[in-house]
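Before any comments, here is the structure.
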Amino acid sequence: MAKQMREVFGEMLVGLGQENPDVFVLDADLCTSTMAHLFRDAFPRRFLQCGIAEQNMFGVAAGLAAAGAIPFPVTFAVFATKRACDQVSISIAYPKLNVKIPGSYPGLPTGKAGATHQSVEDLAIMRAMPHMMVVDPGDNEELRQVMSASIEYSGPVYFRVTRASTADIPWPKGYRFQWGKAITLREGSDVTLIGTGFMTGLCLLAADALVEKGVSARVDHHPCLKPLDRQAVEEAARVTGAIVTVENHSVLGGLGGAVAEVQTELCPVPQRRVGIRDRFVETGEIPELFDRYRMRVVDIIRAAEDVLRVKNERQ
Amino acid sequence: MLEEKAYQIRRLALEMITYGQVGHPGGSLSEAEILACLYFSVLRIDPEDPKWPDRDRFVMSKAHACPGQYAALALRGFYPLDEIYTYGVIDSRLQSHPDMKKTPGIEASGGSLGQGLSVAVGMAIGLQHFGRHKPAVYCMVGDGESNEGQIWEAAMFAAHYHLDNLIAITDYNKVQAKGYTHELMSLEPLADKWRAFGWEVQEVDGHDVVEILEALHVARHRHIRGKPSMIIAHTVKGKGVSWMELNSRWHTHAPLPDQADDALREISRRYGRPEEGYSRLGGDEIHRASSTADIEDAPA
């Protein structure tokens, strides 16, 4: 089984800290959950415990960035985007300070933490914030690349760190994450399954199953929700004429919203969104939650069939 | 000399608020002496080199009172004096609340209260980490602003981390947006609160430059090592204009040109200067909208 993405995150923080003496990590008393404790143990002088005071933590990160550091204020996605939303917006995003914001525990696979810890709307909130880059990495390898790219980019970045262990995505040889760039993992002609984060892996499984039903599904992975690869969305719409978006997030304002915003302007096609249907989530085993919230491979297949019905009716 | 600077800061703050028809006169007038002491005696800054790495930092956490700060920066030479008449006007380098990307000499963007102190704390700890022990970080906090929980989060953090290069000043002008602080949301006992949070506290008459300077000196050089400092400056909101003093109406209300004229004449009389009113009266009194450049149409 692949390592949990949060473990890779913790290790990668240490690696970045080794390469760059300006990297700081801030914690709001969650470091063994977020795995930031690995950085604490390696570089205690650059680890700042802020206590359970997230608003201050993000302000302190802003001040550190202004003084020349590259801070990673690490907390759960819910707290980064909701508890400290104004601080992220005004202290960090508005002046474009060089702060890298990991959002841990996004969406459904959050252990049994329940609704207050499961972020349903973090992508929607960050996407709407000017000056913020927004990324949901597909797997451990892409997370490493995203984190390296974040250090090279000067400005605010938000990226998700899934708590669970997820399947490795079969990247083409030589694939490298790039800001604002999608990648077509599988060509197809009837419908495009657009995924972000680890849900792209489920899109690939759905595409396999759709072959049995005589449907040729293209699979595009968009790790970067902002800036969104508009050209890739347009191409998918033009080539296949139907889109299903799939995300570990609310169907409001995340990948589904981003894609709908662009495709309706550039090449309008029928679209269905797979994700959390505007509900708070709850405590449960991960497979039970994916079942209940209709985010399994079978739900992607159903959405594809649904959108194809609409597409075919129109022709 | 510092009293002269405070006088000029008061005048320029009112001039820019009136011309731009936006701003916070009450809080800009109460802080004039504090700003004069900071910008013309204490702060180690260089208008020719606003990003000098060893400079002192000053963060206006009570960011809405930036007209006072903009006046001080202009007088100190960070930009031309008449640039203050662009305040509140589109495309200005002097935004309604401070923008660190636009204005030379502004260290942090602000306006949403309660945030600046945390940013100052981050700077203080960052400077210590990078081995810069000459600079201090100063931060002005509002009394109404001290309602915000984040202020106390920052206070707790600063004491925990022994940030003795951090000196905060509360402009305790006794009135916030909708009334007296003691009626709206009482802060007392304020000094005790800061002491309980582990800060070294001094209280001064915020309109007495000698007291302010002494307190700033003690905070920087002679205080107990290992504690951040808070100087509670007892001030009068709207100080200098009798009909603005302690009047919450003038928290965020721009005077009209003839009101400004009256206010500025009173200020000159009260400070023993030759009587002088609003400089733009009878001419180009307030900014009228002008044609503006389009912003780049970026895909969203």
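Labels for the structure tokens follow display order: chains A, B, ..., residues from 1 in each chain, ligands from 1.
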Per residue of segment 112-202 of chain B within 7 Å of segment 50-58 of chain A, record the nearest atom pair and its distance in Å to one decimal, counting only C-alpha atoms, with rows in chain order and ascending residue number, as JSON lines.
{"residue": "B:Ser118", "atom": "CA", "partner": "A:Asn56", "partner_atom": "CA", "distance": 5.4}
{"residue": "B:Gln150", "atom": "CA", "partner": "A:Asn56", "partner_atom": "CA", "distance": 5.8}
{"residue": "B:Glu153", "atom": "CA", "partner": "A:Asn56", "partner_atom": "CA", "distance": 5.9}
{"residue": "B:Ala154", "atom": "CA", "partner": "A:Asn56", "partner_atom": "CA", "distance": 5.7}
{"residue": "B:Phe157", "atom": "CA", "partner": "A:Cys50", "partner_atom": "CA", "distance": 6.8}
Exercise. Tell me, as a PyMOL selection string, which residues lie within 7 Å of segment 126-133 of chain B, counting only C-alpha atoms; anything in the same chain fewer than 6 positions away does not count.
Key: (chain A and resi 64+67) or (chain B and resi 54)
Exercise. Give me every strand (DSSP E) residue in segment 48-188 of chain A, going by DSSP on the backbone, as a ChimeraX atom specification.
Key: /A:48-49,70-76,100-104,133-135,157-161,183-186
Exercise. Excluding Leu256 of chain B and any residue of its chain fewer than 2 positions from it, enumerate the residues within 9 Å of it, using only C-alpha atoms, and give them as a PyMOL selection string.
Key: chain B and resi 18-19+21+254+258-261+285-286
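Excluding Ala196 of chain B and any residue on its chain fewer than 2 positions from it, the residues at most 12 Å away by only C-alpha atoms are Trp152, Ala155, Met156, Ala159, Pro189, Leu190, Ala191, Asp192, Lys193, Trp194, Gly198, Trp199, Glu200, Val201, Lys227 and Met230 of chain B.
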Would you save the residues from that selection as a CSV table (one decimal), in the first residue's frame, using C-alpha atoms?
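Final file, part-v7.csv:
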chain,number,residue,atom,x,y,z
B,152,TRP,CA,-4.7,38.5,22.4
B,155,ALA,CA,0.0,38.8,22.8
B,156,MET,CA,0.2,35.3,24.1
B,159,ALA,CA,5.3,36.7,25.5
B,189,PRO,CA,-8.3,47.1,33.2
B,190,LEU,CA,-6.3,47.3,30.0
B,191,ALA,CA,-2.8,47.7,31.4
B,192,ASP,CA,-3.4,44.7,33.8
B,193,LYS,CA,-4.5,42.6,30.8
B,194,TRP,CA,-1.3,43.2,28.9
B,198,GLY,CA,3.4,38.7,30.1
B,199,TRP,CA,4.2,42.1,28.5
B,200,GLU,CA,6.1,44.9,30.1
B,201,VAL,CA,3.6,47.8,30.3
B,227,LYS,CA,9.5,40.5,27.4
B,230,MET,CA,3.3,47.6,25.4
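The shortest atom-to-atom distance to chain B, with only C-alpha atoms taken into account, belongs to A:Ala66 out of A:Ala115, A:Ile300, A:Ala66, A:Val211.
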